[in-house]
>>> print(open('my_file_24.csv').read())   # CSV, C-alpha atoms
chain,number,residue,atom,x,y,z
O,1,MET,CA,7.4,-40.9,21.1
O,2,THR,CA,4.8,-38.2,20.7
O,3,GLY,CA,5.3,-34.8,22.3
O,4,THR,CA,3.0,-33.5,25.0
O,5,PRO,CA,0.4,-31.2,23.4
O,6,HIS,CA,0.3,-27.7,24.5
O,7,SER,CA,-2.6,-27.0,26.9
O,8,PRO,CA,-4.8,-24.1,26.0
O,9,ALA,CA,-4.4,-20.9,27.9
O,10,PRO,CA,-6.5,-20.7,31.1
O,11,PRO,CA,-9.8,-18.9,30.4
O,12,GLY,CA,-8.9,-16.0,32.8
O,13,LYS,CA,-5.6,-15.4,31.0
O,14,GLN,CA,-7.3,-15.6,27.6
O,15,MET,CA,-10.0,-13.1,28.6
O,16,LEU,CA,-7.4,-10.7,29.9
O,17,SER,CA,-5.4,-11.0,26.7
O,18,GLU,CA,-8.5,-10.2,24.7
O,19,GLN,CA,-9.3,-7.2,26.8
O,20,VAL,CA,-5.8,-5.8,26.5
O,21,HIS,CA,-5.8,-6.5,22.7
O,22,ALA,CA,-9.1,-4.7,22.3
O,23,HIS,CA,-7.9,-1.7,24.3
O,24,LEU,CA,-4.7,-1.4,22.4
O,25,ARG,CA,-6.3,-2.0,19.0
O,26,SER,CA,-8.8,0.8,19.7
O,27,ALA,CA,-6.0,3.1,20.9
O,28,ILE,CA,-4.0,2.6,17.7
O,29,MET,CA,-7.1,3.1,15.5
O,30,ARG,CA,-8.0,6.3,17.4
O,31,GLY,CA,-4.5,7.7,16.8
O,32,ASP,CA,-3.4,7.6,20.4
O,33,HIS,CA,-0.2,6.0,19.2
O,34,ALA,CA,1.6,7.7,16.3
O,35,PRO,CA,3.1,5.7,13.4
O,36,GLY,CA,6.5,4.3,14.5
O,37,ASP,CA,5.7,4.6,18.2
O,38,ALA,CA,7.2,1.9,20.4
O,39,LEU,CA,4.7,-0.5,22.0
O,40,ARG,CA,6.5,-1.8,25.1
O,41,PRO,CA,5.1,-4.9,26.7
O,42,GLN,CA,6.2,-3.8,30.2
O,43,ASP,CA,4.5,-0.5,29.9
O,44,LEU,CA,1.3,-2.1,28.6
O,45,ALA,CA,1.4,-4.7,31.4
O,46,ARG,CA,1.8,-1.9,34.0
O,47,GLU,CA,-0.9,0.3,32.5
O,48,ARG,CA,-3.5,-2.5,32.3
O,49,GLY,CA,-2.5,-4.3,35.4
O,50,VAL,CA,-1.7,-7.6,33.8
O,51,SER,CA,1.2,-9.9,33.5
O,52,LEU,CA,4.0,-9.4,31.0
O,53,ALA,CA,2.9,-12.7,29.3
O,54,VAL,CA,-0.6,-11.4,28.8
O,55,ALA,CA,0.7,-8.1,27.3
O,56,ARG,CA,3.0,-9.9,24.9
O,57,GLU,CA,0.2,-12.2,23.8
O,58,ALA,CA,-2.0,-9.2,23.0
O,59,LEU,CA,0.8,-7.5,21.0
O,60,VAL,CA,1.5,-10.7,19.0
O,61,ARG,CA,-2.2,-10.7,18.0
O,62,LEU,CA,-1.8,-7.1,16.8
O,63,VAL,CA,1.2,-8.1,14.7
O,64,GLY,CA,-0.9,-10.8,13.1
O,65,GLU,CA,-3.5,-8.2,12.2
O,66,GLY,CA,-1.0,-5.8,10.7
O,67,LEU,CA,-1.5,-3.2,13.4
O,68,ALA,CA,2.0,-3.7,15.0
O,69,ASP,CA,5.4,-4.7,13.9
O,70,ARG,CA,7.7,-7.1,15.8
O,71,LEU,CA,11.2,-5.7,15.7
O,72,PRO,CA,14.3,-7.9,16.2
O,73,ASN,CA,15.7,-7.3,19.7
O,74,ARG,CA,13.6,-4.1,20.0
O,75,GLY,CA,10.2,-5.3,20.9
O,76,PHE,CA,7.1,-4.0,19.2
O,77,ALA,CA,6.0,-0.8,17.4
O,78,VAL,CA,3.2,0.8,15.5
O,79,PRO,CA,3.9,0.4,11.7
O,80,SER,CA,5.2,3.5,9.9
O,81,PHE,CA,2.9,5.3,7.5
O,82,SER,CA,5.6,5.1,4.9
O,83,ASP,CA,5.9,1.3,5.2
O,84,HIS,CA,5.9,-0.2,1.7
O,85,ARG,CA,3.2,-2.7,2.8
O,86,TRP,CA,0.5,0.0,2.4
O,87,GLN,CA,1.5,0.6,-1.3
O,88,GLU,CA,1.5,-3.2,-1.9
O,89,ILE,CA,-2.0,-3.5,-0.4
O,90,ALA,CA,-3.1,-0.5,-2.5
O,91,GLU,CA,-1.7,-2.0,-5.6
O,92,ALA,CA,-3.6,-5.3,-4.9
O,93,ARG,CA,-6.8,-3.4,-4.3
O,94,ARG,CA,-6.4,-1.4,-7.6
O,95,THR,CA,-5.8,-4.7,-9.4
O,96,VAL,CA,-8.8,-6.6,-7.9
O,97,GLU,CA,-11.5,-4.2,-7.0
O,98,PRO,CA,-12.1,-2.4,-10.3
O,99,VAL,CA,-12.5,-5.8,-12.0
O,100,VAL,CA,-15.0,-7.0,-9.4
O,101,LEU,CA,-16.8,-3.7,-9.7
O,102,ARG,CA,-17.2,-4.1,-13.4
O,103,MET,CA,-18.6,-7.6,-12.8
O,104,SER,CA,-21.0,-6.2,-10.2
O,105,VAL,CA,-22.2,-3.4,-12.5
O,106,GLU,CA,-22.9,-6.0,-15.3
O,107,ARG,CA,-24.5,-8.6,-13.0
O,108,GLY,CA,-26.2,-6.7,-10.2
O,109,ASP,CA,-30.0,-6.8,-10.1
O,110,VAL,CA,-32.5,-4.3,-8.8
O,111,ASP,CA,-32.1,-5.5,-5.2
O,112,TRP,CA,-28.4,-4.8,-5.5
O,113,GLU,CA,-29.1,-1.3,-6.8
O,114,ALA,CA,-31.4,-0.7,-3.8
O,115,ARG,CA,-28.7,-1.9,-1.4
O,116,VAL,CA,-26.0,0.4,-3.0
O,117,ARG,CA,-28.3,3.4,-2.7
O,118,ALA,CA,-29.1,2.6,1.0
O,119,ALA,CA,-25.4,2.0,1.8
O,120,HIS,CA,-24.4,5.3,0.3
O,121,HIS,CA,-27.2,7.1,2.1
O,122,ARG,CA,-26.0,5.7,5.4
O,123,LEU,CA,-22.4,6.6,4.7
O,124,ALA,CA,-23.4,10.2,3.6
O,125,ARG,CA,-25.4,10.7,6.8
O,126,THR,CA,-22.9,9.2,9.3
O,127,PRO,CA,-20.6,11.9,10.8
O,128,PRO,CA,-17.0,10.9,10.1
O,129,TYR,CA,-15.4,12.5,13.2
O,130,ASP,CA,-16.1,12.9,16.9
O,131,PRO,CA,-13.5,14.6,19.1
O,132,ALA,CA,-14.4,12.2,21.9
O,133,GLU,CA,-13.3,9.2,19.8
O,134,GLY,CA,-9.8,10.5,18.9
O,135,GLU,CA,-8.2,12.2,16.0
O,136,HIS,CA,-9.2,9.7,13.3
O,137,TYR,CA,-12.6,8.9,11.9
O,138,THR,CA,-15.1,7.1,14.1
O,139,ASP,CA,-15.8,3.3,14.2
O,140,ALA,CA,-19.4,4.1,13.0
O,141,TRP,CA,-18.2,5.9,9.9
O,142,ALA,CA,-15.6,3.2,9.3
O,143,GLU,CA,-18.3,0.5,9.3
O,144,ALA,CA,-20.6,2.6,7.0
O,145,HIS,CA,-17.6,3.1,4.7
O,146,ARG,CA,-16.8,-0.6,4.6
O,147,VAL,CA,-20.5,-1.6,3.9
O,148,PHE,CA,-20.7,0.9,1.0
O,149,HIS,CA,-17.6,-0.4,-0.7
O,150,ARG,CA,-18.5,-4.0,-0.2
O,151,THR,CA,-22.1,-3.5,-1.3
O,152,LEU,CA,-20.8,-2.0,-4.6
O,153,LEU,CA,-19.0,-5.2,-5.3
O,154,GLU,CA,-21.6,-7.7,-4.0
O,155,GLY,CA,-23.4,-7.6,-7.4
O,156,CYS,CA,-20.6,-9.7,-8.8
O,157,GLY,CA,-22.0,-12.8,-7.0
O,158,ASN,CA,-18.6,-14.3,-6.5
O,159,ARG,CA,-17.9,-15.3,-2.9
O,160,ALA,CA,-14.2,-15.9,-3.4
O,161,LEU,CA,-13.7,-12.4,-4.8
O,162,LEU,CA,-15.7,-10.8,-2.0
O,163,GLU,CA,-13.6,-12.7,0.6
O,164,THR,CA,-10.5,-11.3,-1.1
O,165,PHE,CA,-12.0,-7.8,-0.8
O,166,ASP,CA,-12.7,-8.5,2.9
O,167,ARG,CA,-9.0,-9.5,3.6
O,168,LEU,CA,-7.6,-6.5,1.8
O,169,TRP,CA,-10.0,-4.1,3.4
O,170,THR,CA,-9.1,-5.3,6.9
O,171,ALA,CA,-5.4,-5.1,6.1
O,172,SER,CA,-5.7,-1.5,5.0
O,173,GLU,CA,-7.9,-0.1,7.7
O,174,LEU,CA,-5.1,1.6,9.6
O,175,ALA,CA,-3.6,3.1,6.5
O,176,ARG,CA,-7.0,4.5,5.5
O,177,ARG,CA,-7.3,6.3,8.9
O,178,TRP,CA,-3.8,7.8,8.5
O,179,ALA,CA,-4.5,8.8,4.9
O,180,ALA,CA,-7.7,10.6,5.9
O,181,HIS,CA,-5.9,12.5,8.7
O,182,ARG,CA,-3.1,13.6,6.3
O,183,THR,CA,-5.5,14.9,3.6
O,184,PRO,CA,-8.2,16.8,5.6
O,185,GLY,CA,-9.2,18.7,2.5
O,186,ARG,CA,-10.0,15.7,0.4
O,187,ASP,CA,-13.7,15.5,-0.8
O,188,GLY,CA,-14.6,12.0,0.1
O,189,ILE,CA,-18.3,12.8,-0.1
O,190,GLU,CA,-18.0,13.6,-3.8
O,191,GLU,CA,-15.8,10.6,-4.5
O,192,HIS,CA,-18.3,8.3,-3.0
O,193,ARG,CA,-21.2,10.0,-4.7
O,194,SER,CA,-19.5,9.6,-8.0
O,195,LEU,CA,-18.9,5.9,-7.4
O,196,GLU,CA,-22.6,5.4,-6.6
O,197,GLU,CA,-23.8,7.3,-9.6
O,198,ALA,CA,-21.5,5.5,-12.1
O,199,ALA,CA,-22.4,2.1,-10.6
O,200,LEU,CA,-26.2,2.7,-10.7
O,201,ALA,CA,-25.9,4.2,-14.2
O,202,ARG,CA,-24.4,0.9,-15.2
O,203,ASP,CA,-21.3,2.7,-16.5
O,204,ALA,CA,-18.6,0.2,-15.8
O,205,ASP,CA,-15.8,2.1,-17.4
O,206,THR,CA,-16.5,5.3,-15.4
O,207,ALA,CA,-17.1,3.3,-12.2
O,208,ALA,CA,-13.8,1.5,-12.5
O,209,ALA,CA,-11.9,4.7,-13.2
O,210,VAL,CA,-13.4,6.5,-10.3
O,211,LEU,CA,-12.6,3.6,-8.0
O,212,VAL,CA,-9.0,3.5,-9.2
O,213,ARG,CA,-8.5,7.2,-8.5
O,214,HIS,CA,-10.3,6.8,-5.1
O,215,LEU,CA,-7.9,4.1,-4.0
O,216,THR,CA,-4.8,5.9,-5.5
O,217,LEU,CA,-5.5,9.1,-3.5
O,218,THR,CA,-5.6,7.1,-0.3
O,219,ALA,CA,-2.3,5.4,-1.1
O,220,ALA,CA,-0.7,8.6,-2.2
O,221,ALA,CA,-1.4,10.3,1.1
O,222,LEU,CA,1.1,7.8,2.7
O,223,VAL,CA,4.1,8.6,0.5
O,224,ASP,CA,6.4,11.5,0.9
O,225,ASP,CA,4.6,14.8,0.1
O,226,SER,CA,6.9,15.7,-2.8
O,227,ARG,CA,5.9,12.4,-4.5
O,228,VAL,CA,2.1,12.6,-4.0
O,229,SER,CA,1.2,14.4,-7.2
O,230,GLY,CA,3.4,12.2,-9.4
O,231,THR,CA,2.1,9.0,-7.7
O,232,VAL,CA,-1.6,9.9,-8.3
O,233,ASN,CA,-1.0,10.9,-11.9
O,234,ASP,CA,1.1,7.8,-12.7
O,235,GLN,CA,-1.6,5.5,-11.2
O,236,VAL,CA,-4.6,7.0,-12.9
O,237,GLY,CA,-2.9,7.7,-16.2
O,238,ARG,CA,-3.3,11.5,-16.1
O,239,PRO,CA,-0.8,14.1,-17.2
>>> encode(input="my_file_24.csv", output="structure tokens")
Amino acid sequence: MTGTPHSPAPPGKQMLSEQVHAHLRSAIMRGDHAPGDALRPQDLARERGVSLAVAREALVRLVGEGLADRLPNRGFAVPSFSDHRWQEIAEARRTVEPVVLRMSVERGDVDWEARVRAAHHRLARTPPYDPAEGEHYTDAWAEAHRVFHRTLLEGCGNRALLETFDRLWTASELARRWAAHRTPGRDGIEEHRSLEEAALARDADTAAAVLVRHLTLTAAALVDDSRVSGTVNDQVGRP
């Protein structure tokens, strides 16, 4: 005997869930909810004027995106900035991206060079912060940042590797915003300029080393302050 298949959610409920999901996702990305803050379905339902089921569905989607944790018998919460997952993602990125960047530097053609230069120009000219959009950097800057890093790697010509980059990038977006907020004096402009220069100079060794340090500084901002210096030095191999 076959079971009765689950019917899809009614269109109205699905639309409400998407709206609540988008609202809460933006709020977390803006910094309206601090790391570790509780995300109570009942509060969200009351605030957005929706049912408890709709609020829970939106929160479950956020859990799937890594933007919320589901806690046994305690509901939902924003992940902690010290959660080990961020260091695991950073380690994966440090393992994969420098290798792909080397391939890109070796294989990229003149069109790739032009795209890298254009992507860096857009990133450099996009204001990273707007008080009206919250305490973290803006969505416009986030997109320019993503496009620059992805364009650097696109010269590799390997779709599977680029899809891996896409997944890791999405998984680490919240951590990047927190890291930037915790290191306001960091010179990201210079780091990105150095990446562009090394890539376009076809200096794969320097490009890879700059990228490793760039990724390590982001991860180090999310560990205890007393360990930051040692973490950076360990990962980039400097005394």
>>> atom_distance(input="my_file_24.csv", atom1="atom CA of Leu59 of chain O", atom2="atom CA of Phe81 of chain O")
18.7 Å
>>> atom_distance(input="my_file_24.csv", atom1="atom CA of Val63 of chain O", atom2="atom CA of His23 of chain O")
14.7 Å
>>> atom_distance(input="my_file_24.csv", atom1="atom CA of Val96 of chain O", atom2="atom CA of Thr218 of chain O")
16.0 Å
>>> residues_around(input="my_file_24.csv", residues="segment 204-211 of chain O", least_positions_apart="5", cutoff="9 Å", atoms="all atoms listed in the file", output="PDB file with C-alpha atoms, in the coordinates of the input")
ATOM      1  CA  ARG O  94      -6.400  -1.400  -7.600  1.00  0.00           C
ATOM      2  CA  GLU O  97     -11.500  -4.200  -7.000  1.00  0.00           C
ATOM      3  CA  PRO O  98     -12.100  -2.400 -10.300  1.00  0.00           C
ATOM      4  CA  VAL O  99     -12.500  -5.800 -12.000  1.00  0.00           C
ATOM      5  CA  LEU O 101     -16.800  -3.700  -9.700  1.00  0.00           C
ATOM      6  CA  ARG O 102     -17.200  -4.100 -13.400  1.00  0.00           C
ATOM      7  CA  MET O 103     -18.600  -7.600 -12.800  1.00  0.00           C
ATOM      8  CA  SER O 104     -21.000  -6.200 -10.200  1.00  0.00           C
ATOM      9  CA  VAL O 105     -22.200  -3.400 -12.500  1.00  0.00           C
ATOM     10  CA  GLU O 106     -22.900  -6.000 -15.300  1.00  0.00           C
ATOM     11  CA  GLU O 191     -15.800  10.600  -4.500  1.00  0.00           C
ATOM     12  CA  HIS O 192     -18.300   8.300  -3.000  1.00  0.00           C
ATOM     13  CA  SER O 194     -19.500   9.600  -8.000  1.00  0.00           C
ATOM     14  CA  LEU O 195     -18.900   5.900  -7.400  1.00  0.00           C
ATOM     15  CA  GLU O 196     -22.600   5.400  -6.600  1.00  0.00           C
ATOM     16  CA  GLU O 197     -23.800   7.300  -9.600  1.00  0.00           C
ATOM     17  CA  ALA O 198     -21.500   5.500 -12.100  1.00  0.00           C
ATOM     18  CA  ALA O 199     -22.400   2.100 -10.600  1.00  0.00           C
ATOM     19  CA  THR O 216      -4.800   5.900  -5.500  1.00  0.00           C
ATOM     20  CA  VAL O 236      -4.600   7.000 -12.900  1.00  0.00           C
TER      21      VAL O 236
END
>>> residues_around(input="my_file_24.csv", residues="Glu133 of chain O", least_positions_apart="3", cutoff="12 Å", atoms="only C-alpha atoms", output="ChimeraX atom specification")
/O:26-32,127-130,136-141
>>> closest_residue(input="my_file_24.csv", among="O:Val50, O:Leu67, O:Leu39, O:Val100", to="Thr164 of chain O", atoms="only C-alpha atoms")
O:Val100
>>> residues_around(input="my_file_24.csv", residues="Val147 of chain O", least_positions_apart="4", cutoff="7 Å", atoms="all atoms listed in the file", output="PDB file with C-alpha atoms, in the coordinates of the input")
ATOM      1  CA  ALA O 119     -25.400   2.000   1.800  1.00  0.00           C
ATOM      2  CA  GLU O 143     -18.300   0.500   9.300  1.00  0.00           C
ATOM      3  CA  THR O 151     -22.100  -3.500  -1.300  1.00  0.00           C
TER       4      THR O 151
END
>>> build_atoms(input="my_file_24.csv", residues="segment 39-66 of chain O", atoms="N, CA and C atoms", output="PDB file, in the frame of the given file")
ATOM      1  N   LEU O  39       5.784   0.110  21.225  1.00  0.00           N
ATOM      2  CA  LEU O  39       4.700  -0.500  22.000  1.00  0.00           C
ATOM      3  C   LEU O  39       5.460  -1.481  22.982  1.00  0.00           C
ATOM      4  N   ARG O  40       5.712  -1.015  24.191  1.00  0.00           N
ATOM      5  CA  ARG O  40       6.500  -1.800  25.100  1.00  0.00           C
ATOM      6  C   ARG O  40       5.628  -2.693  25.982  1.00  0.00           C
ATOM      7  N   PRO O  41       5.878  -3.999  25.944  1.00  0.00           N
ATOM      8  CA  PRO O  41       5.100  -4.900  26.700  1.00  0.00           C
ATOM      9  C   PRO O  41       5.027  -4.576  28.208  1.00  0.00           C
ATOM     10  N   GLN O  42       6.179  -4.148  28.759  1.00  0.00           N
ATOM     11  CA  GLN O  42       6.200  -3.800  30.200  1.00  0.00           C
ATOM     12  C   GLN O  42       5.358  -2.629  30.521  1.00  0.00           C
ATOM     13  N   ASP O  43       5.341  -1.629  29.621  1.00  0.00           N
ATOM     14  CA  ASP O  43       4.500  -0.500  29.900  1.00  0.00           C
ATOM     15  C   ASP O  43       3.014  -0.842  29.763  1.00  0.00           C
ATOM     16  N   LEU O  44       2.688  -1.665  28.778  1.00  0.00           N
ATOM     17  CA  LEU O  44       1.300  -2.100  28.600  1.00  0.00           C
ATOM     18  C   LEU O  44       0.839  -2.933  29.785  1.00  0.00           C
ATOM     19  N   ALA O  45       1.706  -3.826  30.254  1.00  0.00           N
ATOM     20  CA  ALA O  45       1.400  -4.700  31.400  1.00  0.00           C
ATOM     21  C   ALA O  45       1.101  -3.812  32.634  1.00  0.00           C
ATOM     22  N   ARG O  46       1.961  -2.825  32.867  1.00  0.00           N
ATOM     23  CA  ARG O  46       1.800  -1.900  34.000  1.00  0.00           C
ATOM     24  C   ARG O  46       0.522  -1.105  33.913  1.00  0.00           C
ATOM     25  N   GLU O  47       0.292  -0.572  32.724  1.00  0.00           N
ATOM     26  CA  GLU O  47      -0.900   0.300  32.500  1.00  0.00           C
ATOM     27  C   GLU O  47      -2.193  -0.475  32.696  1.00  0.00           C
ATOM     28  N   ARG O  48      -2.238  -1.721  32.204  1.00  0.00           N
ATOM     29  CA  ARG O  48      -3.500  -2.500  32.300  1.00  0.00           C
ATOM     30  C   ARG O  48      -3.562  -3.413  33.462  1.00  0.00           C
ATOM     31  N   GLY O  49      -2.511  -3.455  34.265  1.00  0.00           N
ATOM     32  CA  GLY O  49      -2.500  -4.300  35.400  1.00  0.00           C
ATOM     33  C   GLY O  49      -2.546  -5.775  35.149  1.00  0.00           C
ATOM     34  N   VAL O  50      -1.778  -6.193  34.141  1.00  0.00           N
ATOM     35  CA  VAL O  50      -1.700  -7.600  33.800  1.00  0.00           C
ATOM     36  C   VAL O  50      -0.289  -8.076  33.749  1.00  0.00           C
ATOM     37  N   SER O  51      -0.098  -9.367  33.549  1.00  0.00           N
ATOM     38  CA  SER O  51       1.200  -9.900  33.500  1.00  0.00           C
ATOM     39  C   SER O  51       1.917  -9.560  32.181  1.00  0.00           C
ATOM     40  N   LEU O  52       3.258  -9.680  32.173  1.00  0.00           N
ATOM     41  CA  LEU O  52       4.000  -9.400  31.000  1.00  0.00           C
ATOM     42  C   LEU O  52       3.623 -10.413  29.862  1.00  0.00           C
ATOM     43  N   ALA O  53       3.329 -11.654  30.233  1.00  0.00           N
ATOM     44  CA  ALA O  53       2.900 -12.700  29.300  1.00  0.00           C
ATOM     45  C   ALA O  53       1.623 -12.296  28.567  1.00  0.00           C
ATOM     46  N   VAL O  54       0.676 -11.785  29.340  1.00  0.00           N
ATOM     47  CA  VAL O  54      -0.600 -11.400  28.800  1.00  0.00           C
ATOM     48  C   VAL O  54      -0.403 -10.205  27.802  1.00  0.00           C
ATOM     49  N   ALA O  55       0.427  -9.245  28.188  1.00  0.00           N
ATOM     50  CA  ALA O  55       0.700  -8.100  27.300  1.00  0.00           C
ATOM     51  C   ALA O  55       1.349  -8.525  26.019  1.00  0.00           C
ATOM     52  N   ARG O  56       2.306  -9.419  26.108  1.00  0.00           N
ATOM     53  CA  ARG O  56       3.000  -9.900  24.900  1.00  0.00           C
ATOM     54  C   ARG O  56       2.016 -10.644  23.983  1.00  0.00           C
ATOM     55  N   GLU O  57       1.151 -11.443  24.570  1.00  0.00           N
ATOM     56  CA  GLU O  57       0.200 -12.200  23.800  1.00  0.00           C
ATOM     57  C   GLU O  57      -0.722 -11.240  22.992  1.00  0.00           C
ATOM     58  N   ALA O  58      -1.163 -10.164  23.636  1.00  0.00           N
ATOM     59  CA  ALA O  58      -2.000  -9.200  23.000  1.00  0.00           C
ATOM     60  C   ALA O  58      -1.250  -8.497  21.821  1.00  0.00           C
ATOM     61  N   LEU O  59       0.021  -8.196  22.047  1.00  0.00           N
ATOM     62  CA  LEU O  59       0.800  -7.500  21.000  1.00  0.00           C
ATOM     63  C   LEU O  59       1.074  -8.470  19.833  1.00  0.00           C
ATOM     64  N   VAL O  60       1.301  -9.741  20.117  1.00  0.00           N
ATOM     65  CA  VAL O  60       1.500 -10.700  19.000  1.00  0.00           C
ATOM     66  C   VAL O  60       0.246 -10.785  18.159  1.00  0.00           C
ATOM     67  N   ARG O  61      -0.932 -10.722  18.760  1.00  0.00           N
ATOM     68  CA  ARG O  61      -2.200 -10.700  18.000  1.00  0.00           C
ATOM     69  C   ARG O  61      -2.251  -9.485  17.086  1.00  0.00           C
ATOM     70  N   LEU O  62      -1.823  -8.349  17.597  1.00  0.00           N
ATOM     71  CA  LEU O  62      -1.800  -7.100  16.800  1.00  0.00           C
ATOM     72  C   LEU O  62      -0.874  -7.243  15.606  1.00  0.00           C
ATOM     73  N   VAL O  63       0.264  -7.905  15.824  1.00  0.00           N
ATOM     74  CA  VAL O  63       1.200  -8.100  14.700  1.00  0.00           C
ATOM     75  C   VAL O  63       0.526  -8.950  13.625  1.00  0.00           C
ATOM     76  N   GLY O  64      -0.226  -9.975  14.029  1.00  0.00           N
ATOM     77  CA  GLY O  64      -0.900 -10.800  13.100  1.00  0.00           C
ATOM     78  C   GLY O  64      -1.978 -10.048  12.277  1.00  0.00           C
ATOM     79  N   GLU O  65      -2.502  -8.976  12.858  1.00  0.00           N
ATOM     80  CA  GLU O  65      -3.500  -8.200  12.200  1.00  0.00           C
ATOM     81  C   GLU O  65      -2.925  -7.008  11.393  1.00  0.00           C
ATOM     82  N   GLY O  66      -1.608  -6.877  11.415  1.00  0.00           N
ATOM     83  CA  GLY O  66      -1.000  -5.800  10.700  1.00  0.00           C
ATOM     84  C   GLY O  66      -0.997  -4.464  11.396  1.00  0.00           C
TER      85      GLY O  66
END
